[in-house]
Structures are given as C-alpha cells and as structure tokens.
Amino acid sequence: MAVTFGVTILGLAIGGSVASRLVSDTRSDSKVGPCSESWNHLAPKFASFPGIFDKLEEEEEFSELRYDFEPKEECHFGASVGVHAFIAVQLNDALHEASGHVAVADIGSGTGFLLALFKSYVKVGIDVVGVETDPKALAEARALQAVGVLPDECKLLDENGLTFTYEKKFAVINVGFASTELPEHFKELTADDATILMPICNKPFKPLSGGQSCAARYTLFKKVRGSWQTAQEVGPDVSFFFVENNA
C-alpha cells in the first residue's frame, strides 16, 4: 500500500541553503517531474517543529539521498520533504540506538526513500524492511534498488501492512496510514524496546475525501523493557489515508 498524504503543501520563504534545495533544485542535472513541486515543498506546519531545519541540512544523509526517490508518476508514492524530515527527526534516536537481533520497518514504503535513510542510520546487522502492496510503487522501488540507489540490503515485502510477519522483531516502525488506534498486530511485531510512529485519527472521528482519509495527528508509541508507555501526540493536524483496524 503506497503512502497517501492529504497534507496541504504550501510554499515557504526560507533563507539560506535550505531554501535553494527545497524551492528549486539548482543542480545542473535537475529534472522537473510531475511530482517535483509537492515532493520538494516544505509546509509551514512541519517547518515549525524543532530539528526540522537541522535535518534538512544533513546533505549526504537526507537531502542528497532523497533526490533520486521522487515518484515518477503517482505523487502519493512519496511524501513531501516536510513529512520526511518530521519522520526522520521523530525516529532519529530510536533508529541509531536499535541493537541486537532486530529490524526496522516502513509500512507503506512507496519508492523507498525512508528505507534508504533508515539504512544510513541503523547499525550494521539491523534489517531494514519495506512493506508495500501497490505494484507500481514496488516497481519504482525495485528499479531504484537495481541501479544501486536503494541499498540491496533493504528488504521489500509485497504484503498487507496489517497482517505481514517477519523473522525478526521490530525496534522501529513507521506507519504510512492512519487508523483509530494502534493495531494490536503492530504491538505483537515489536521487540522489548520499540518505537512506533503512526498517524491516529482524531476523536471524534472526522472522515475526509469521501471516507478515504481522516483528520489525524502523528502519535509516538514507545515500549520500554516490554512495557508500553503513555502514547504521545507529536505532530500537527494532517489528513491521512485511513485504514480500518479490524484487529
């Protein structure tokens, strides 16, 4: 399932080198595709969060790495730069600290940028797993893997995000769809110490786009030594693709 974002992408006047990369890619081989505007624009709702600009300045690990993952046809195969930077900030520590016989995952991995980013953050031996069911998104990710843009070590699973299984427990999971609560299946997939970032639909439930999306907020779930901690809302209001949790 490709990640579908209903976040309104707005232009933002930003000074310095960040602006030059977000508003217009100045590299000589720059190509403007059908998704370039939404892919590169930073929405003010994300720009206001601490750490976003620091993350965007990580030229090698973020901005330059991200360049080749811009979707070729369907823009919802990848999020905006603001969303990606926000996810990277929220999961940065958990990804760097993951250790042992564990894996990390992006559910709704699209063209695979977050997989490549996660791979650059985790220790050697930590599996990086993408779960995606859209055949076109998978085709783009596999094409990038074939030419070495997406690391060969990243595993691409053509499976349902709510039912997939894996041989290792997960220390970090990013979820690319919203639901009314954290699915029990995700909890069962986690290691004793784990972090999950997922958009949770607001209460009362507010359907959008004919019920395909909901008004939601990013929520961080943490498990410490086998015990789940109090969930924390960490993100701005967003409109997110909604998946019914039937668990």
# chains A, B, ... in the order shown; residues from 1 in each chain; ligands from 1

call {"tool": "select_by_dssp", "arguments": {"residues": "stretch 84-136 of chain A", "states": "strand (DSSP E or B)", "output": "PyMOL selection string"}}
result
chain A and resi 102-107+127-131

call {"tool": "write_last_selection", "arguments": {"atoms": "C-alpha atoms", "output": "mmCIF file, in the first residue's frame"}}
result
data_model
loop_
_atom_site.group_PDB
_atom_site.id
_atom_site.type_symbol
_atom_site.label_atom_id
_atom_site.label_comp_id
_atom_site.auth_asym_id
_atom_site.auth_seq_id
_atom_site.Cartn_x
_atom_site.Cartn_y
_atom_site.Cartn_z
ATOM 1 C CA VAL A 102 16.023 -6.743 15.453
ATOM 2 C CA ALA A 103 14.703 -4.972 12.373
ATOM 3 C CA VAL A 104 13.183 -1.593 11.490
ATOM 4 C CA ALA A 105 10.280 -1.060 9.103
ATOM 5 C CA ASP A 106 8.452 1.450 6.958
ATOM 6 C CA ILE A 107 4.887 0.304 6.310
ATOM 7 C CA ASP A 127 17.402 -5.362 8.926
ATOM 8 C CA VAL A 128 15.539 -2.587 7.102
ATOM 9 C CA VAL A 129 12.144 -3.720 5.806
ATOM 10 C CA GLY A 130 9.661 -2.001 3.494
ATOM 11 C CA VAL A 131 6.063 -3.207 3.335
#

call {"tool": "select_by_dssp", "arguments": {"residues": "stretch 15-212 of chain A", "states": "alpha helix (DSSP H)", "output": "PyMOL selection string"}}
result
chain A and resi 16-22+36-40+44-47+52-56+64-66+81-97+113-121+135-146+184-189

call {"tool": "closest_residue", "arguments": {"among": "A:Thr163, A:Asn202, A:Thr219, A:Ser63", "to": "A:Leu117", "atoms": "only C-alpha atoms"}}
result
A:Ser63

call {"tool": "closest_residue", "arguments": {"among": "A:Asn92, A:Ser239, A:Ser99, A:Gln145", "to": "A:Gly125", "atoms": "only C-alpha atoms"}}
result
A:Ser99

call {"tool": "residues_around", "arguments": {"residues": "A:Ser36", "least_positions_apart": "4", "cutoff": "8 Å", "atoms": "only C-alpha atoms", "output": "list in words"}}
result
Val32, Asn40 and Glu70 of chain A

call {"tool": "write_last_selection", "arguments": {"atoms": "N, CA, C and O atoms", "output": "PDB file, in the first residue's frame"}}
result
ATOM      1  N   VAL A  32      12.565  18.375 -13.760  1.00  0.00           N
ATOM      2  CA  VAL A  32      11.289  18.685 -13.139  1.00  0.00           C
ATOM      3  C   VAL A  32      10.282  17.641 -13.585  1.00  0.00           C
ATOM      4  O   VAL A  32       9.976  17.517 -14.766  1.00  0.00           O
ATOM      5  N   ASN A  40       9.175  18.590  -3.094  1.00  0.00           N
ATOM      6  CA  ASN A  40      10.215  19.484  -2.589  1.00  0.00           C
ATOM      7  C   ASN A  40       9.730  20.615  -1.697  1.00  0.00           C
ATOM      8  O   ASN A  40      10.546  21.297  -1.072  1.00  0.00           O
ATOM      9  N   GLU A  70      12.215  10.650  -5.893  1.00  0.00           N
ATOM     10  CA  GLU A  70      10.999  11.364  -6.289  1.00  0.00           C
ATOM     11  C   GLU A  70      10.140  10.458  -7.174  1.00  0.00           C
ATOM     12  O   GLU A  70      10.622   9.889  -8.153  1.00  0.00           O
TER      13      GLU A  70
END

call {"tool": "atom_distance", "arguments": {"atom1": "atom CA of A:Lys45", "atom2": "atom CA of A:Thr180"}}
result
22.1 Å

call {"tool": "closest_atom_pairs", "arguments": {"of": "stretch 71-159 of chain A", "to": "stretch 228-236 of chain A", "cutoff": "10 Å", "atoms": "only C-alpha atoms", "output": "CSV"}}
result
residue,atom,partner,partner_atom,distance
A:Val83,CA,A:Gly235,CA,9.8
A:Phe86,CA,A:Gly235,CA,8.2
A:Ile87,CA,A:Gly235,CA,9.5
A:Gln90,CA,A:Val234,CA,8.2

call {"tool": "closest_residue", "arguments": {"among": "A:Glu58, A:Glu244, A:Asp192, A:Glu167", "to": "A:Phe205", "atoms": "only C-alpha atoms"}}
result
A:Glu244
